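**Student:** Pasting a structure here, questions to come.
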Amino acid sequence: MQAMPLTDIWVYLAGTPLLGLTLTLVAYQGGYWVYARAGFRPLLNPVLLAVTFIVIVLALTGTEYRTYFDGAQFVHFLLGPAVVALAVPLAREWDSVKRLALPIAGALGAGSLVALGSAVGVAWMLGASPATLLSLAPKSVTAPIAMGIAEKIGGLPALAAVFAVTTGVIGAALGKYVLDALRIGDWRVRGFALGVAAHGIGTARAFQVNPKAGAYAGLAFGLHGAFAALAFPLIYAVARRWIGG
Amino acid sequence: MLAGLTWLLVFQCLGEALVRMLGLPVPGPVAGMLLLFVALRLRGTLPANVDTAATALLQHLSLLFVPAGVGVMLHYGRIADEWAAIMIAIVVSTVLTIAVTAVVMRALIGRQMPAAADAAEPSSSDPPEH
């Protein structure tokens, strides 16, 4: 094989899924390395670092998101099996979960409605457009489920995914400070609150800190996804009729 | 690891099939999680291969959100126009959600177990790390 000039190599690589996939893994591990080196400071979230780095690389090289996603979809796809995998920590903690059925149901319902109502309410008061409001509604639900909900209620699925990831990063970054301020010492409560508010990214953070918190965050993340997928389209339908829109 | 991952995919497929067959409004993977949970409870023990695969996936759960996050570049225009409203709404709402969820859950646990319950739980004088 004849040697290729560098630009041709780039054109070749940029056209295969390999580059998007490699870039995702390299950027995440770089982000994780920085996060670990900084003593797991919540503000240096590895997702935030990786996304920022990839967006800069794609912008500088003029690569389209679709081209990048051809490779990155293999990572994105694993969100499905990861949601299934949440059954494992749930089964392990079941004996303690069972005794807390009422606190769990109450906290999930309250947290979910506050997440929905406060996001839409604050953005509406600040004059956000309807498409933005409808895409913000499922922001505390994990990205693939948020995309499905946004589609159902007339938001923009890709925008909903971005808002969900942003929410996850912010929840994982600020959770510690909010929970410390409220003097919440119980790992189960800390984990559950992170899972309801910040879905999988909050759950990842909780697993890094404490296994019990991780299990409860995973439980909250799965329950919130199921609850929101059922409840949000209904709430939207009722709200629309009520407003008369 | 491979056998465990296969099981996760099998249960995801079962979940997708169930949701479509019954016309349920739940996402397929959530149904798959519930089915796997039931199967694990019926079996009584956790197979090592499923445990390995699940732990590996959940350990780097946040990696899986990177591709969706990069989707920010698709909506750059809209986000640039409305970024203040969006960011304020997300930060305020996320902080409120964490606070309300935690306070409600703590209150309900306290009501259910007035004896302050499990000695295994850390007390608030033992500040957690996250």
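Order determines the names: the first chain of the structure tokens is A, the second B, and so forth; residues in each chain are numbered 1 upward, and ligands are numbered 1 upward as they are shown.
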Using only C-alpha atoms, I'd like a table of the residues in range 174-221 of chain A that come within 10 Å of range 77-95 of chain B; for each, show the closest atom pair and its distance in Å rounded to one decimal, ordered by chain and ascending number, as a tab-separated table.
**Tutor:**
residue	atom	partner	partner_atom	distance
A:Leu174	CA	B:Val95	CA	7.3
A:Gly175	CA	B:Val95	CA	7.4
A:Tyr177	CA	B:Val95	CA	9.5
A:Val178	CA	B:Val95	CA	6.8
A:Leu179	CA	B:Val95	CA	9.4
A:Leu194	CA	B:Thr94	CA	9.4
A:Val196	CA	B:Thr94	CA	9.5
A:Ala197	CA	B:Thr94	CA	5.9
A:Ala198	CA	B:Thr94	CA	7.5
**Student:** Write out as a PyMOL selection string the residues lying within 10 Å of Gly15 in chain A, counting only C-alpha atoms and excluding same-chain residues fewer than 6 positions away.
**Tutor:** chain A and resi 9+63+67-68+70-71
**Student:** Could those selected residues go to a file with N, CA and C atoms, as a compact mmCIF listing (two decimals), in the first residue's frame?
**Tutor:**
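Just written: out.txt:
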# COMPACT_ATOMS: atom_id res chain seq x y z
N ILE A 9 -5.27 10.76 5.00
CA ILE A 9 -5.48 9.87 6.15
C ILE A 9 -6.61 10.42 7.01
N THR A 63 -15.97 18.90 11.67
CA THR A 63 -16.67 17.61 11.55
C THR A 63 -18.12 17.78 12.00
N THR A 67 -21.50 12.70 11.60
CA THR A 67 -20.29 11.91 11.32
C THR A 67 -19.72 11.37 12.62
N TYR A 68 -19.64 12.25 13.62
CA TYR A 68 -19.14 11.84 14.93
C TYR A 68 -20.03 10.73 15.51
N ASP A 70 -21.82 8.52 14.08
CA ASP A 70 -21.66 7.21 13.43
C ASP A 70 -20.78 6.29 14.28
N GLY A 71 -19.77 6.88 14.90
CA GLY A 71 -18.90 6.08 15.76
C GLY A 71 -19.40 6.05 17.19
**Student:** I'd like the neighbourhood of Val30 in chain B as a list in words, where a residue qualifies if any of its atoms comes within 8 Å (using only C-alpha atoms), though same-chain residues fewer than 4 positions away should be ignored.
**Tutor:**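 Surrounding residues, per the criterion: Val83, Val84, Gly222, Gly225 and Ala226 of chain A; Gly15, Val26 and Leu34 of chain B.
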**Student:** Hey, can you spit out that residue selection with N, CA and C atoms as a short mmCIF file (atom, residue, chain, number, x, y, z; two decimals), in the first residue's frame?
**Tutor:**
data_model
loop_
_atom_site.label_atom_id
_atom_site.label_comp_id
_atom_site.auth_asym_id
_atom_site.auth_seq_id
_atom_site.Cartn_x
_atom_site.Cartn_y
_atom_site.Cartn_z
N VAL A 83 -29.32 0.43 31.64
CA VAL A 83 -30.59 0.56 32.38
C VAL A 83 -31.03 -0.83 32.86
N VAL A 84 -30.90 -1.84 32.01
CA VAL A 84 -31.25 -3.21 32.42
C VAL A 84 -30.38 -3.64 33.61
N GLY A 222 -33.90 4.49 37.73
CA GLY A 222 -34.78 3.59 36.98
C GLY A 222 -36.25 3.90 37.22
N GLY A 225 -37.33 7.14 35.55
CA GLY A 225 -37.51 6.94 34.10
C GLY A 225 -38.86 6.31 33.80
N ALA A 226 -39.19 5.27 34.55
CA ALA A 226 -40.46 4.58 34.31
C ALA A 226 -41.64 5.49 34.65
N GLY B 15 -37.71 -6.98 27.16
CA GLY B 15 -38.40 -5.75 27.57
C GLY B 15 -39.00 -5.03 26.38
N VAL B 26 -43.97 2.48 28.72
CA VAL B 26 -42.66 2.47 29.39
C VAL B 26 -41.57 2.18 28.34
N LEU B 34 -37.00 -4.42 34.89
CA LEU B 34 -37.97 -5.02 35.80
C LEU B 34 -38.02 -6.54 35.62
#
**Student:** Skip Pro17 in chain A itself and residues of its chain fewer than 2 positions away, then list as a PyMOL selection string all residues within 12 Å of it, counting only C-alpha atoms.
**Tutor:** chain A and resi 12-15+19-24+66-75
**Student:** Find the distance between CA of Arg106 in chain B and CA of Pro42 in chain A and write it in Å to one decimal.
**Tutor:**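 Those two atoms sit 23.4 Å apart.
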**Student:** Taking 6 positions as the minimum chain separation for residues in the same chain, which residues sit within 10 Å of Thr45 in chain B when counting only C-alpha atoms? Answer as a CSV table (one decimal) with N, CA and C atoms, in the first residue's frame.
**Tutor:**
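Printed below is around29.csv as written:
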chain,number,residue,atom,x,y,z
A,91,ALA,N,-31.7,-5.6,43.1
A,91,ALA,CA,-31.9,-7.0,43.6
A,91,ALA,C,-31.1,-7.1,44.9
A,92,ARG,N,-29.8,-6.6,44.9
A,92,ARG,CA,-28.9,-6.7,46.0
A,92,ARG,C,-29.5,-6.0,47.2
B,39,ALA,N,-36.5,-11.9,37.6
B,39,ALA,CA,-35.8,-13.2,37.4
B,39,ALA,C,-34.7,-13.4,38.5
**Student:** Please, what distance in Å, to one decimal, runs between CA of Val19 in chain B and CA of Ala31 in chain B?
**Tutor:**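 Computed distance, CA of Val19 in chain B to CA of Ala31 in chain B, equals 7.0 Å.
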**Student:** How would you write, as a ChimeraX atom specification, the set of residues in range 9-240 of chain A that DSSP gives as alpha helix (DSSP H)?
**Tutor:** /A:9-14,17-37,46-61,65-77,79-85,87-92,94-99,101-125,130-136,143-153,157-181,187-209,211-240
**Student:** Have a look at CA of Cys13 in chain B and CA of Ala231 in chain A and let me know their distance in Å, one decimal.
**Tutor:**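 CA of Ala231 in chain A lies at a distance of 23.7 Å from CA of Cys13 in chain B.
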**Student:** Counting only C-alpha atoms, which of B:Gly110, B:Leu74, B:Met33, B:Gly28 gets nearest to chain A?
**Tutor:**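 Under the stated criterion, the closest residue is B:Met33.
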**Student:** Please determine, counting only C-alpha atoms, which residue among A:Phe53, A:Tyr236, A:Tyr28, A:Phe221 has the shortest atom-to-atom distance to chain B.
**Tutor:**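 Answer, going by the shortest atom-to-atom distance: A:Tyr28.
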**Student:** Name the residues in contact with Ala102 in chain B at a cut-off of 8 Å, using only C-alpha atoms, excluding same-chain residues fewer than 2 positions from it; report them as a count of residues only.
**Tutor:** 13
**Student:** Need to verify the contact set: Gly69 in chain B, 8 Å, only C-alpha atoms, exclusion of same-chain residues closer than 4 positions in sequence. Can you return it as a list in words?
**Tutor:**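 With the cut-off at 8 Å, the set is Val47, Val51, Ala161, Val162, Val165 and Thr166 of chain A; Phe65 of chain B.
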**Student:** For the selection just defined, write its residues with N, CA and C atoms to a file, as an mmCIF file, in the first residue's frame.
**Tutor:**
data_model
loop_
_atom_site.group_PDB
_atom_site.id
_atom_site.type_symbol
_atom_site.label_atom_id
_atom_site.label_comp_id
_atom_site.auth_asym_id
_atom_site.auth_seq_id
_atom_site.Cartn_x
_atom_site.Cartn_y
_atom_site.Cartn_z
ATOM 1 N N VAL A 47 -17.888 13.886 32.414
ATOM 2 C CA VAL A 47 -18.752 14.053 31.231
ATOM 3 C C VAL A 47 -18.615 15.478 30.689
ATOM 4 N N VAL A 51 -17.223 16.164 26.988
ATOM 5 C CA VAL A 51 -18.093 16.809 25.990
ATOM 6 C C VAL A 51 -17.441 18.098 25.486
ATOM 7 N N ALA A 161 -32.103 15.635 25.124
ATOM 8 C CA ALA A 161 -30.947 14.835 25.546
ATOM 9 C C ALA A 161 -29.855 15.737 26.097
ATOM 10 N N VAL A 162 -29.628 16.863 25.432
ATOM 11 C CA VAL A 162 -28.599 17.805 25.912
ATOM 12 C C VAL A 162 -28.978 18.361 27.276
ATOM 13 N N VAL A 165 -28.398 15.702 29.915
ATOM 14 C CA VAL A 165 -26.983 15.529 30.263
ATOM 15 C C VAL A 165 -26.497 16.714 31.099
ATOM 16 N N THR A 166 -26.923 17.934 30.712
ATOM 17 C CA THR A 166 -26.538 19.128 31.479
ATOM 18 C C THR A 166 -27.048 19.013 32.918
ATOM 19 N N PHE B 65 -23.142 8.819 28.483
ATOM 20 C CA PHE B 65 -23.893 10.043 28.201
ATOM 21 C C PHE B 65 -23.111 11.035 27.355
#
